[in-house]
$ cat my_file-v8.cif   # mmCIF, C-alpha atoms and all ligand atoms
data_start
#
loop_
_atom_site.label_atom_id
_atom_site.label_comp_id
_atom_site.auth_asym_id
_atom_site.auth_seq_id
_atom_site.Cartn_x
_atom_site.Cartn_y
_atom_site.Cartn_z
CA MET A 1 -20.24 8.53 14.07
CA ALA A 2 -19.05 9.95 10.77
CA GLY A 3 -15.71 11.71 11.07
CA PHE A 4 -12.58 9.75 10.13
CA ILE A 5 -10.51 10.80 13.13
CA THR A 6 -13.36 10.23 15.60
CA LYS A 7 -13.84 6.75 14.20
CA ALA A 8 -10.10 6.08 14.27
CA LEU A 9 -10.01 6.96 17.96
CA HIS A 10 -13.17 5.25 19.12
CA THR A 11 -13.34 1.80 17.56
CA ARG A 12 -14.28 -0.46 20.46
CA SER A 13 -12.82 -3.94 20.74
CA ARG A 14 -15.10 -6.90 20.15
CA ILE A 15 -14.96 -7.84 23.83
CA LYS A 16 -14.65 -5.34 26.71
CA ASP A 17 -11.23 -5.62 28.34
CA ALA A 18 -11.29 -7.51 31.64
CA ASN A 19 -9.52 -4.62 33.43
CA GLY A 20 -11.24 -1.84 31.53
CA ALA A 21 -8.09 -0.82 29.67
CA LEU A 22 -8.88 2.17 27.47
CA ARG A 23 -6.46 0.92 24.85
CA MET A 24 -6.38 -2.66 23.55
CA PRO A 25 -3.39 -4.23 25.36
CA VAL A 26 -0.61 -6.20 23.69
CA TYR A 27 -1.48 -9.90 23.88
CA GLU A 28 2.05 -11.13 23.26
CA ASN A 29 1.36 -14.85 23.70
CA ALA A 30 1.21 -17.82 21.36
CA ALA A 31 -1.69 -19.92 22.69
CA PHE A 32 -5.03 -19.47 24.47
CA GLU A 33 -6.57 -21.94 26.94
CA PHE A 34 -10.15 -23.16 27.14
CA ASP A 35 -12.30 -24.38 30.05
CA THR A 36 -13.51 -27.50 28.26
CA ALA A 37 -12.48 -29.74 25.40
CA GLU A 38 -15.74 -28.90 23.64
CA ALA A 39 -15.07 -25.14 23.81
CA ILE A 40 -11.74 -25.42 21.96
CA ASP A 41 -13.43 -27.66 19.40
CA ASP A 42 -16.17 -25.09 18.76
CA VAL A 43 -13.66 -22.32 18.09
CA SER A 44 -11.49 -24.55 15.90
CA VAL A 45 -14.40 -25.45 13.60
CA GLY A 46 -15.75 -21.88 13.59
CA LYS A 47 -18.90 -22.57 15.64
CA SER A 48 -17.94 -19.90 18.16
CA ILE A 49 -15.57 -16.92 17.98
CA GLY A 50 -12.31 -16.96 19.91
CA HIS A 51 -8.56 -17.25 19.66
CA VAL A 52 -6.63 -20.50 19.69
CA TYR A 53 -3.14 -19.75 18.42
CA THR A 54 -1.59 -16.39 17.43
CA ARG A 55 -0.49 -17.42 13.92
CA SER A 56 -4.22 -17.78 13.16
CA SER A 57 -5.64 -14.90 15.20
CA ASN A 58 -4.87 -12.75 18.23
CA PRO A 59 -6.93 -10.13 20.13
CA THR A 60 -4.48 -7.24 19.51
CA VAL A 61 -4.18 -8.03 15.82
CA GLU A 62 -7.95 -8.55 15.51
CA HIS A 63 -8.55 -5.13 17.07
CA PHE A 64 -6.23 -3.51 14.49
CA GLU A 65 -8.16 -5.27 11.69
CA LEU A 66 -11.48 -4.19 13.17
CA SER A 67 -10.32 -0.56 13.42
CA VAL A 68 -9.38 -0.55 9.73
CA LYS A 69 -12.65 -2.25 8.80
CA ASN A 70 -14.60 0.49 10.60
CA LEU A 71 -12.66 3.19 8.78
CA THR A 72 -13.12 1.64 5.35
CA ASN A 73 -16.69 0.28 5.59
CA SER A 74 -15.31 -2.77 3.87
CA LEU A 75 -16.39 -6.40 3.86
CA GLY A 76 -13.31 -7.52 5.75
CA VAL A 77 -9.72 -6.70 6.61
CA MET A 78 -6.66 -8.89 7.22
CA ALA A 79 -3.41 -7.75 8.83
CA PHE A 80 -0.01 -9.20 7.85
CA GLY A 81 3.59 -9.20 8.98
CA SER A 82 4.53 -6.93 6.06
CA GLY A 83 3.15 -5.23 2.97
CA MET A 84 4.86 -7.87 0.83
CA ALA A 85 3.00 -10.64 2.73
CA ALA A 86 -0.31 -8.90 1.98
CA ILE A 87 0.58 -8.58 -1.72
CA ALA A 88 1.73 -12.21 -2.01
CA THR A 89 -1.44 -13.44 -0.27
CA ALA A 90 -3.80 -11.36 -2.42
CA VAL A 91 -2.20 -12.56 -5.64
CA LEU A 92 -1.84 -16.24 -4.70
CA THR A 93 -5.47 -16.37 -3.53
CA LEU A 94 -6.59 -15.54 -7.06
CA VAL A 95 -4.16 -17.12 -9.50
CA LYS A 96 -2.49 -20.51 -9.97
CA ALA A 97 0.01 -22.17 -12.33
CA GLY A 98 -0.91 -21.86 -15.99
CA GLU A 99 -2.88 -18.63 -15.42
CA SER A 100 -1.91 -14.96 -15.90
CA ILE A 101 -1.99 -11.56 -14.30
CA ILE A 102 -1.87 -8.14 -15.96
CA THR A 103 0.38 -5.57 -14.34
CA THR A 104 3.00 -2.89 -15.06
CA LYS A 105 6.75 -2.65 -14.46
CA TYR A 106 6.16 0.59 -12.53
CA LEU A 107 6.08 -1.26 -9.22
CA PHE A 108 7.74 -1.20 -5.82
CA GLY A 109 11.09 -3.04 -6.29
CA HIS A 110 10.27 -6.15 -4.27
CA THR A 111 6.83 -6.47 -5.84
CA LEU A 112 8.49 -6.34 -9.24
CA SER A 113 10.99 -9.03 -8.29
CA PHE A 114 8.24 -11.17 -6.68
CA PHE A 115 6.28 -11.01 -9.93
CA GLN A 116 9.27 -11.42 -12.26
CA ASN A 117 11.03 -14.20 -10.36
CA THR A 118 8.81 -15.94 -7.81
CA LEU A 119 5.45 -15.95 -9.63
CA THR A 120 7.08 -16.87 -12.94
CA ALA A 121 8.89 -19.80 -11.27
CA LEU A 122 5.51 -20.99 -9.96
CA GLY A 123 4.24 -21.16 -13.55
CA ILE A 124 2.20 -17.95 -13.40
CA ASN A 125 2.45 -15.78 -16.49
CA VAL A 126 3.00 -12.10 -15.68
CA LYS A 127 2.04 -9.67 -18.43
CA PHE A 128 3.86 -6.37 -17.94
CA VAL A 129 2.02 -3.72 -19.95
CA ASP A 130 1.59 0.06 -20.05
CA ILE A 131 -1.24 0.16 -17.50
CA SER A 132 -1.89 3.86 -18.15
CA ASP A 133 -2.95 3.02 -21.74
CA GLU A 134 -6.45 1.50 -21.68
CA ASN A 135 -6.19 0.18 -25.23
CA VAL A 136 -3.03 -1.73 -24.36
CA VAL A 137 -4.71 -3.15 -21.26
CA GLU A 138 -7.80 -4.12 -23.25
CA ARG A 139 -5.68 -6.05 -25.77
CA SER A 140 -3.88 -7.93 -22.98
CA PHE A 141 -6.93 -9.81 -21.71
CA ASP A 142 -7.43 -13.47 -22.51
CA THR A 143 -9.15 -16.29 -20.63
CA SER A 144 -5.99 -17.04 -18.61
CA VAL A 145 -6.00 -13.60 -16.92
CA LYS A 146 -7.20 -13.73 -13.28
CA LEU A 147 -6.43 -10.26 -11.94
CA ILE A 148 -5.08 -6.79 -12.67
CA PHE A 149 -2.51 -5.41 -10.24
CA LEU A 150 -1.11 -1.89 -9.97
CA GLU A 151 -0.14 0.80 -7.47
CA SER A 152 -2.39 3.84 -6.93
CA ILE A 153 0.62 6.13 -7.50
CA SER A 154 3.73 4.39 -8.79
CA ASN A 155 6.98 5.29 -7.12
CA PRO A 156 9.37 6.87 -8.00
CA GLN A 157 7.78 7.58 -11.43
CA LEU A 158 4.55 8.88 -9.82
CA GLN A 159 2.36 7.52 -12.59
CA VAL A 160 -1.41 7.53 -11.92
CA ALA A 161 -3.73 5.25 -13.89
CA ASN A 162 -7.45 5.76 -14.43
CA LEU A 163 -8.76 3.24 -11.90
CA GLU A 164 -12.43 3.61 -12.79
CA LYS A 165 -11.62 2.73 -16.39
CA LEU A 166 -9.46 -0.24 -15.40
CA ALA A 167 -12.21 -1.47 -13.06
CA GLU A 168 -14.72 -1.28 -15.89
CA LEU A 169 -12.43 -3.19 -18.27
CA SER A 170 -11.76 -5.93 -15.73
CA HIS A 171 -15.28 -6.20 -14.27
CA THR A 172 -16.88 -6.79 -17.68
CA ARG A 173 -14.60 -9.84 -17.87
CA ASN A 174 -15.34 -10.90 -14.25
CA ILE A 175 -11.77 -10.17 -13.20
CA PRO A 176 -10.98 -8.36 -9.93
CA LEU A 177 -8.88 -5.20 -9.73
CA VAL A 178 -6.19 -5.37 -7.03
CA VAL A 179 -4.51 -2.09 -6.10
CA ASP A 180 -1.57 -1.38 -3.82
CA THR A 181 -2.84 1.79 -2.12
CA THR A 182 0.20 2.35 0.12
CA PRO A 183 0.83 5.84 -1.38
CA THR A 184 -2.84 6.84 -0.88
CA PRO A 185 -4.33 5.05 2.15
CA PHE A 186 -8.08 5.04 2.82
CA TYR A 187 -8.10 8.49 4.45
CA MET A 188 -7.24 10.14 1.14
CA PHE A 189 -8.71 7.72 -1.38
CA GLU A 190 -12.13 6.04 -1.48
CA ALA A 191 -11.03 2.97 -3.39
CA LYS A 192 -14.50 1.43 -3.40
CA LYS A 193 -15.93 4.41 -5.28
CA PHE A 194 -13.49 3.81 -8.14
CA GLY A 195 -14.17 0.08 -8.40
CA VAL A 196 -11.09 -1.24 -6.59
CA ASP A 197 -12.01 -4.72 -5.37
CA ILE A 198 -9.01 -5.62 -3.27
CA GLU A 199 -6.67 -3.13 -1.62
CA VAL A 200 -3.26 -4.11 -0.30
CA LEU A 201 -1.14 -1.70 1.72
CA SER A 202 2.15 -1.59 3.52
CA SER A 203 1.09 -0.37 6.96
CA THR A 204 4.80 0.15 7.65
CA LYS A 205 4.37 3.51 5.92
CA PHE A 206 1.67 6.11 6.69
CA ILE A 207 -0.27 3.90 9.10
CA SER A 208 2.53 2.97 11.55
CA GLY A 209 3.51 6.62 11.85
CA GLY A 210 7.17 7.35 12.28
CA GLY A 211 8.22 4.02 10.79
CA THR A 212 7.84 2.17 14.09
CA SER A 213 7.06 -1.28 12.74
CA VAL A 214 6.63 -3.40 9.59
CA GLY A 215 3.14 -4.57 8.65
CA GLY A 216 0.63 -5.04 5.84
CA LEU A 217 -3.11 -4.91 5.23
CA LEU A 218 -5.51 -6.50 2.80
CA ILE A 219 -9.00 -5.05 2.36
CA ASP A 220 -11.90 -6.69 0.51
CA ASN A 221 -14.13 -3.77 -0.46
CA GLY A 222 -17.08 -6.11 -0.93
CA ILE A 223 -17.95 -5.07 -4.49
CA PHE A 224 -16.72 -8.11 -6.41
CA ASP A 225 -19.03 -11.10 -6.81
CA TRP A 226 -16.73 -14.03 -5.99
CA LYS A 227 -19.32 -16.49 -7.28
CA LYS A 228 -17.86 -15.73 -10.69
CA THR A 229 -14.34 -16.80 -9.72
CA GLU A 230 -13.55 -20.41 -10.63
CA ASN A 231 -10.51 -20.53 -8.30
CA LEU A 232 -12.77 -19.67 -5.32
CA LYS A 233 -15.54 -22.16 -6.06
CA SER A 234 -15.14 -24.34 -2.97
CA ASN A 235 -14.62 -21.25 -0.79
CA TYR A 236 -17.81 -19.71 -2.15
CA ALA A 237 -19.69 -22.87 -1.25
CA LYS A 238 -18.48 -22.54 2.35
CA ALA A 239 -18.31 -18.77 2.89
CA GLY A 240 -20.44 -17.10 0.18
CA HIS A 241 -19.64 -13.41 -0.19
CA PHE A 242 -16.57 -13.91 2.06
CA ALA A 243 -15.03 -16.46 -0.35
CA PHE A 244 -11.94 -14.40 -1.12
CA LEU A 245 -11.21 -13.67 2.55
CA HIS A 246 -11.93 -17.29 3.43
CA LYS A 247 -9.28 -18.64 1.06
CA ALA A 248 -6.83 -15.83 1.81
CA ARG A 249 -7.03 -16.40 5.58
CA LYS A 250 -7.56 -20.15 5.92
CA GLU A 251 -5.20 -21.26 3.16
CA ILE A 252 -2.60 -18.76 2.00
CA PHE A 253 -2.04 -16.64 5.12
CA GLN A 254 -2.00 -19.62 7.49
CA GLY A 255 0.23 -21.66 5.22
CA PHE A 256 2.82 -18.93 4.83
CA GLY A 257 2.57 -17.90 8.48
CA ALA A 258 2.41 -14.28 7.36
CA VAL A 259 1.26 -13.14 10.81
CA LEU A 260 1.62 -9.61 12.19
CA SER A 261 3.19 -9.56 15.67
CA PRO A 262 0.85 -8.31 18.42
CA THR A 263 3.37 -5.61 19.41
CA SER A 264 3.43 -4.29 15.84
CA ALA A 265 -0.39 -4.43 15.71
CA TYR A 266 -0.45 -2.33 18.89
CA LEU A 267 1.93 0.25 17.41
CA GLN A 268 -0.01 0.38 14.16
CA THR A 269 -3.37 0.81 15.89
CA LEU A 270 -1.85 3.75 17.72
CA GLY A 271 -0.55 5.08 14.39
CA LEU A 272 -4.00 4.76 12.84
CA GLU A 273 -5.37 7.25 15.39
CA THR A 274 -3.14 10.08 14.14
CA MET A 275 -2.75 9.00 10.51
CA ALA A 276 -5.18 11.62 9.15
CA LEU A 277 -3.38 14.47 10.95
CA ARG A 278 0.02 13.30 9.74
CA ILE A 279 -1.23 12.78 6.17
CA ASP A 280 -2.74 16.29 6.08
CA ARG A 281 0.52 17.82 7.20
CA ALA A 282 2.91 15.69 5.09
CA CYS A 283 0.87 16.02 1.88
CA GLU A 284 0.43 19.78 2.30
CA ASN A 285 4.19 20.05 2.85
CA ALA A 286 4.83 17.93 -0.29
CA LEU A 287 2.63 20.09 -2.52
CA GLU A 288 4.18 23.27 -1.17
CA LEU A 289 7.72 21.96 -1.69
CA ALA A 290 6.96 20.62 -5.19
CA SER A 291 5.62 24.01 -6.33
CA TRP A 292 8.51 25.85 -4.68
CA LEU A 293 11.12 23.56 -6.27
CA GLU A 294 9.74 23.87 -9.80
CA GLY A 295 12.00 26.13 -11.84
CA LYS A 296 14.57 26.44 -9.06
CA LYS A 297 18.21 26.79 -10.17
CA GLY A 298 20.01 23.43 -10.16
CA ILE A 299 16.77 21.41 -10.42
CA LYS A 300 16.13 20.01 -13.92
CA SER A 301 12.59 18.85 -13.19
CA VAL A 302 10.10 18.19 -10.41
CA ASN A 303 7.53 15.43 -10.53
CA TYR A 304 4.43 15.47 -8.31
CA PRO A 305 0.94 14.49 -9.51
CA PHE A 306 -0.75 17.62 -8.08
CA LEU A 307 1.55 19.93 -10.10
CA LYS A 308 -0.16 21.23 -13.24
CA SER A 309 2.96 20.17 -15.18
CA SER A 310 2.28 16.49 -14.33
CA PRO A 311 0.56 14.49 -17.11
CA PHE A 312 -1.45 12.86 -14.31
CA TYR A 313 -2.75 16.09 -12.75
CA GLU A 314 -6.40 15.68 -13.85
CA ILE A 315 -6.79 12.03 -12.99
CA ALA A 316 -4.93 12.40 -9.68
CA LYS A 317 -7.20 15.32 -8.68
CA LYS A 318 -10.26 13.27 -9.53
CA GLN A 319 -9.18 10.21 -7.54
CA PHE A 320 -7.28 11.43 -4.50
CA LYS A 321 -7.68 14.00 -1.73
CA TYR A 322 -3.91 14.49 -1.92
CA ALA A 323 -1.22 13.32 -4.35
CA GLY A 324 0.70 11.70 -1.51
CA SER A 325 3.84 12.88 0.22
CA ILE A 326 6.42 11.63 -2.28
CA LEU A 327 7.92 13.81 -4.97
CA SER A 328 10.87 13.30 -7.23
CA ILE A 329 13.43 15.80 -8.44
CA GLU A 330 15.96 15.41 -11.19
CA LEU A 331 19.39 16.99 -10.94
CA GLU A 332 21.96 17.25 -13.75
CA SER A 333 24.00 14.19 -12.88
CA LYS A 334 24.82 11.62 -10.24
CA SER A 335 27.52 13.88 -8.84
CA SER A 336 25.24 16.91 -8.47
CA ALA A 337 22.52 14.70 -6.92
CA TYR A 338 24.97 13.16 -4.45
CA ARG A 339 26.53 16.52 -3.59
CA PHE A 340 23.04 17.84 -2.82
CA MET A 341 22.13 14.80 -0.73
CA ASN A 342 25.35 14.91 1.26
CA ARG A 343 24.86 18.55 2.19
CA LEU A 344 21.35 18.07 3.64
CA LYS A 345 21.19 18.60 7.40
CA ILE A 346 17.54 17.95 8.29
CA ILE A 347 16.33 15.67 5.49
CA ARG A 348 17.71 12.19 6.20
CA ARG A 349 19.35 9.82 3.74
CA ALA A 350 17.17 6.68 4.21
CA THR A 351 15.04 4.41 2.01
CA ASN A 352 11.72 4.39 3.85
CA ILE A 353 8.70 6.50 2.87
CA HIS A 354 5.90 8.20 4.85
CA ASP A 355 8.00 8.53 7.98
CA ASN A 356 7.33 11.60 10.14
CA LYS A 357 10.83 12.68 9.11
CA SER A 358 11.63 13.75 5.55
CA LEU A 359 13.75 11.11 3.83
CA ILE A 360 15.68 11.21 0.57
CA VAL A 361 17.15 8.45 -1.55
CA SER A 362 18.64 7.84 -5.00
CA PRO A 363 16.34 5.28 -6.67
CA TYR A 364 18.96 4.50 -9.35
CA PHE A 365 21.52 3.30 -6.84
CA VAL A 366 19.51 2.26 -3.79
CA ILE A 367 16.10 0.97 -4.89
CA TYR A 368 17.13 -0.79 -8.09
CA PRO A 369 20.73 -1.82 -7.41
CA PHE A 370 20.47 -5.11 -9.33
CA ASN A 371 18.85 -3.85 -12.54
CA SER A 372 20.90 -2.95 -15.61
CA HIS A 373 21.23 0.64 -16.83
CA GLU A 374 18.91 -0.24 -19.76
CA GLU A 375 16.25 -1.67 -17.42
CA LYS A 376 16.45 1.42 -15.21
CA THR A 377 16.19 3.73 -18.21
CA ALA A 378 13.07 1.85 -19.30
CA LEU A 379 11.63 2.47 -15.81
CA ASP A 380 12.48 6.24 -16.07
CA ILE A 381 15.13 5.89 -13.36
CA THR A 382 18.15 8.11 -14.10
CA PRO A 383 21.36 8.64 -12.07
CA GLY A 384 20.37 12.25 -11.24
CA LEU A 385 16.90 11.32 -9.93
CA LEU A 386 16.13 11.72 -6.23
CA ARG A 387 13.02 10.61 -4.38
CA LEU A 388 11.97 12.81 -1.50
CA SER A 389 9.45 11.48 1.00
CA VAL A 390 8.24 14.63 2.71
CA GLY A 391 7.62 14.48 6.46
CA ILE A 392 5.73 16.64 8.92
CA GLU A 393 8.50 19.13 9.76
CA ASN A 394 7.91 22.89 9.65
CA ILE A 395 7.92 23.74 5.96
CA GLU A 396 10.32 26.70 6.37
CA ASP A 397 12.96 24.38 7.83
CA LEU A 398 12.69 22.00 4.89
CA LYS A 399 13.00 24.87 2.41
CA GLU A 400 15.99 26.26 4.23
CA ASP A 401 17.69 22.85 4.27
CA ILE A 402 17.14 22.36 0.53
CA GLU A 403 18.22 25.92 -0.26
CA GLN A 404 21.53 25.59 1.56
CA ALA A 405 22.20 22.11 0.06
CA LEU A 406 21.61 23.41 -3.49
CA GLY A 407 23.58 26.60 -3.09
CA GLY A 408 27.22 27.54 -3.08
C1 LIG A 501 6.95 -0.46 1.20
C2 LIG A 501 6.04 -0.86 0.12
C3 LIG A 501 5.66 -2.20 -0.07
C4 LIG A 501 6.21 -3.31 0.80
O1 LIG A 501 5.84 -3.17 2.11
P1 LIG A 501 6.66 -3.82 3.34
O2 LIG A 501 5.84 -3.47 4.51
O3 LIG A 501 8.02 -3.19 3.33
O4 LIG A 501 6.74 -5.29 3.06
C5 LIG A 501 4.78 -2.50 -1.08
N1 LIG A 501 4.30 -1.54 -1.90
C6 LIG A 501 4.63 -0.25 -1.77
C7 LIG A 501 4.05 0.75 -2.69
C8 LIG A 501 5.52 0.14 -0.76
O5 LIG A 501 5.86 1.42 -0.64
#

$ encode --input "my_file-v8.cif" --output "structure tokens"
Amino acid sequence: MAGFITKALHTRSRIKDANGALRMPVYENAAFEFDTAEAIDDVSVGKSIGHVYTRSSNPTVEHFELSVKNLTNSLGVMAFGSGMAAIATAVLTLVKAGESIITTKYLFGHTLSFFQNTLTALGINVKFVDISDENVVERSFDTSVKLIFLESISNPQLQVANLEKLAELSHTRNIPLVVDTTPTPFYMFEAKKFGVDIEVLSSTKFISGGGTSVGGLLIDNGIFDWKKTENLKSNYAKAGHFAFLHKARKEIFQGFGAVLSPTSAYLQTLGLETMALRIDRACENALELASWLEGKKGIKSVNYPFLKSSPFYEIAKKQFKYAGSILSIELESKSSAYRFMNRLKIIRRATNIHDNKSLIVSPYFVIYPFNSHEEKTALDITPGLLRLSVGIENIEDLKEDIEQALGG
């Protein structure tokens, strides 16, 4: 079975459903009972496979993880209660007090604040560098660095780094490359091919489909040799190649209780089945709109990595099937941007991304409300900037909506 959509539809659960349900049901319960005392013991110590308590594992959640594993041909997949939980778990599995990570300030707002505030308070040194400049990255390594973290396409700046190059720089130093691939999920980006060791994603976005539920994923692509990681030494002794997943699941995930609810896992498994169709449509709409908007009266600039005017055109084309469904446009001022937003009739004013509906937001005022003007300027966030997450509507309707909101 080779095709993505076929695989997405036909992943079978580990155990056949007792009633022959064609779709994995929602196991919305906390605990599971066993026939004998010995049987519960065996599962608890890992001698046999089963479920004991839903914070640790649950059939509906496990089926979601298995479906993603099948689609990614990865070593293993973990599902979380949110994208942030997946990010926090990936990072804290690899780094401890006194050590460092290399990253960029071009990050999702809560990731940036988690790194700047929470990690720093835990004694972890966060080096914010220009991740698109390989020489700068190369100079930032020292023996305290335990991982590199970045997003496959930063948002709202839409910066794309050369992942193959970053993987090479980090792998020669036995450091894993961790990438937030939310903007380019596994249907449109073969992370393994470009040397990405660990992928984290917010499954709230493209995967859930229609923004039905909050969730996160962590994928170990199975290319990093964890034997080389000092912080995973005892896990390697117990779990070998699965050392990273072992620590992430048994220690960090369990300790934080970062569990995905079975109902959300159900919704997200359903979303996974149509993700490819929705991505095709939304990304084609985004490219069409970006090209159409370029040079339009009232629009100062359009940013989308698959536009030839983007400095990231070449690298984005090389890495991704699509440049995602997010584009940004710059209007003259806050007042012209707000006037435009307020006149939109189809495109909704909301902060989410990758919904089926097109959504628009002002990053300056909504995504970074607590940063100073200077900080926002340094992040390329101006008052006239708008981020448009393009949905799956009929393209002519989106054009018409934008046209009427710009005009008059
Ligand atoms: C939304 C998002 C997150 C956080 O995900 P949640 O599911 O909201 O916790 C992280 N990274 C990126 C790029 C995102 O878009």

$ closest_atom_pairs --input "my_file-v8.cif" --of "chain A" --to "ligand LIG 501 (chain A)" --cutoff "6 Å" --atoms "all atoms listed in the file" --output "Markdown table"
| residue | atom | partner | partner_atom | distance |
| --- | --- | --- | --- | --- |
| A:Ser82 | CA | A:LIG501 | O2 | 4.0 |
| A:Gly83 | CA | A:LIG501 | O1 | 3.5 |
| A:Met84 | CA | A:LIG501 | O4 | 3.9 |
| A:Phe108 | CA | A:LIG501 | C6 | 5.2 |
| A:Thr182 | CA | A:LIG501 | C7 | 5.0 |
| A:Ser202 | CA | A:LIG501 | O1 | 4.3 |
| A:Thr204 | CA | A:LIG501 | O2 | 4.9 |
| A:Val214 | CA | A:LIG501 | O2 | 5.1 |
| A:Gly215 | CA | A:LIG501 | O2 | 5.1 |
| A:Gly216 | CA | A:LIG501 | O2 | 5.6 |

$ write_last_selection --input "my_file-v8.cif" --atoms "C-alpha atoms" --output "JSON list (two decimals), in the frame of the given file"
[["chain", "number", "residue", "atom", "x", "y", "z"],
["A", 82, "SER", "CA", 4.53, -6.93, 6.06],
["A", 83, "GLY", "CA", 3.15, -5.23, 2.97],
["A", 84, "MET", "CA", 4.86, -7.87, 0.83],
["A", 108, "PHE", "CA", 7.74, -1.20, -5.82],
["A", 182, "THR", "CA", 0.20, 2.35, 0.12],
["A", 202, "SER", "CA", 2.15, -1.59, 3.52],
["A", 204, "THR", "CA", 4.80, 0.15, 7.65],
["A", 214, "VAL", "CA", 6.63, -3.40, 9.59],
["A", 215, "GLY", "CA", 3.14, -4.57, 8.65],
["A", 216, "GLY", "CA", 0.63, -5.04, 5.84]]

$ closest_residue --input "my_file-v8.cif" --among "A:Ala30, A:Ile299, A:Ala39, A:Ala88" --to "Leu331 in chain A" --atoms "only C-alpha atoms"
A:Ile299

$ closest_atom_pairs --input "my_file-v8.cif" --of "range 314-377 of chain A" --to "range 151-161 of chain A" --cutoff "10 Å" --atoms "all atoms listed in the file" --output "Markdown table"
| residue | atom | partner | partner_atom | distance |
| --- | --- | --- | --- | --- |
| A:Glu314 | CA | A:Val160 | CA | 9.7 |
| A:Ile315 | CA | A:Val160 | CA | 7.1 |
| A:Ala316 | CA | A:Val160 | CA | 6.4 |
| A:Gln319 | CA | A:Val160 | CA | 9.3 |
| A:Phe320 | CA | A:Ser152 | CA | 9.4 |
| A:Ala323 | CA | A:Ile153 | CA | 8.1 |
| A:Gly324 | CA | A:Ile153 | CA | 8.2 |
| A:Ile326 | CA | A:Asn155 | CA | 8.0 |
| A:Leu327 | CA | A:Leu158 | CA | 7.7 |
| A:Ser328 | CA | A:Pro156 | CA | 6.6 |
| A:Ile329 | CA | A:Pro156 | CA | 9.8 |
| A:Ser362 | CA | A:Pro156 | CA | 9.8 |
| A:Pro363 | CA | A:Pro156 | CA | 7.3 |
| A:Tyr364 | CA | A:Pro156 | CA | 10.0 |
| A:Ile367 | CA | A:Pro156 | CA | 9.5 |

$ residues_around --input "my_file-v8.cif" --residues "Asn231 in chain A" --least-positions-apart "3" --cutoff "9 Å" --atoms "all atoms listed in the file" --output "list in words"
Thr93, Leu94, Val95, Lys96, Ser234 and Asn235 of chain A

$ residues_near_point --input "my_file-v8.cif" --point "(11.3, 26.2, 6.7)" --cutoff "12 Å" --atoms "all atoms listed in the file" --output "ChimeraX atom specification"
/A:285,288-289,292,346-347,392-404
